[in-house]
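J.: Let me give you the structure first, and then I'll get to my questions.
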Amino acid sequence: GLLARKRQLSEAAREYQQALQLRPGFSRAHLDLARVLAAQGDMPGASQHLREAAKGGDAAVAQEATRALEQLGQR
């Protein structure tokens with residue numbers, strides 16, 4: 001149900017944040033964390049992590065993040 005989903009989202013967010021503490025430039029983790037934050041309704045947080053993902057070295061992730069920022073009207 002909804003409560004389980006909320007719990008899963010906050011667990012996922014925690015895991016991505018831990019991954020980013022270990023590897024701050026891990027653009028895939030920024031992208032995935034942005035998705036989780038957006039699902040939780042944290043658009044400013046999602047935008048911040050999308051911007052980080054967009055400037056990362058992984059071209060496919062950067063493109064995906066840029067598209068997501070455009071959809072949020074952040075570009």
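By order in the structure tokens, chains are A, B, ...; within a chain, residues start at 1; ligands start at 1, following the order shown.
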Which residues come within 6 Å of region 52-60 of chain A, counting only C-alpha atoms, excluding same-chain residues fewer than 4 positions away, as a list in words?
T.: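 The filter keeps Ser27, His30, Leu31, Ala65 and Thr66 of chain A.
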J.: Could you state the separation of CA of Ala39 (chain A) and CA of Ala4 (chain A) in Å, given to one decimal place?
T.: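 Computing it gives 13.6 Å between the two atoms.
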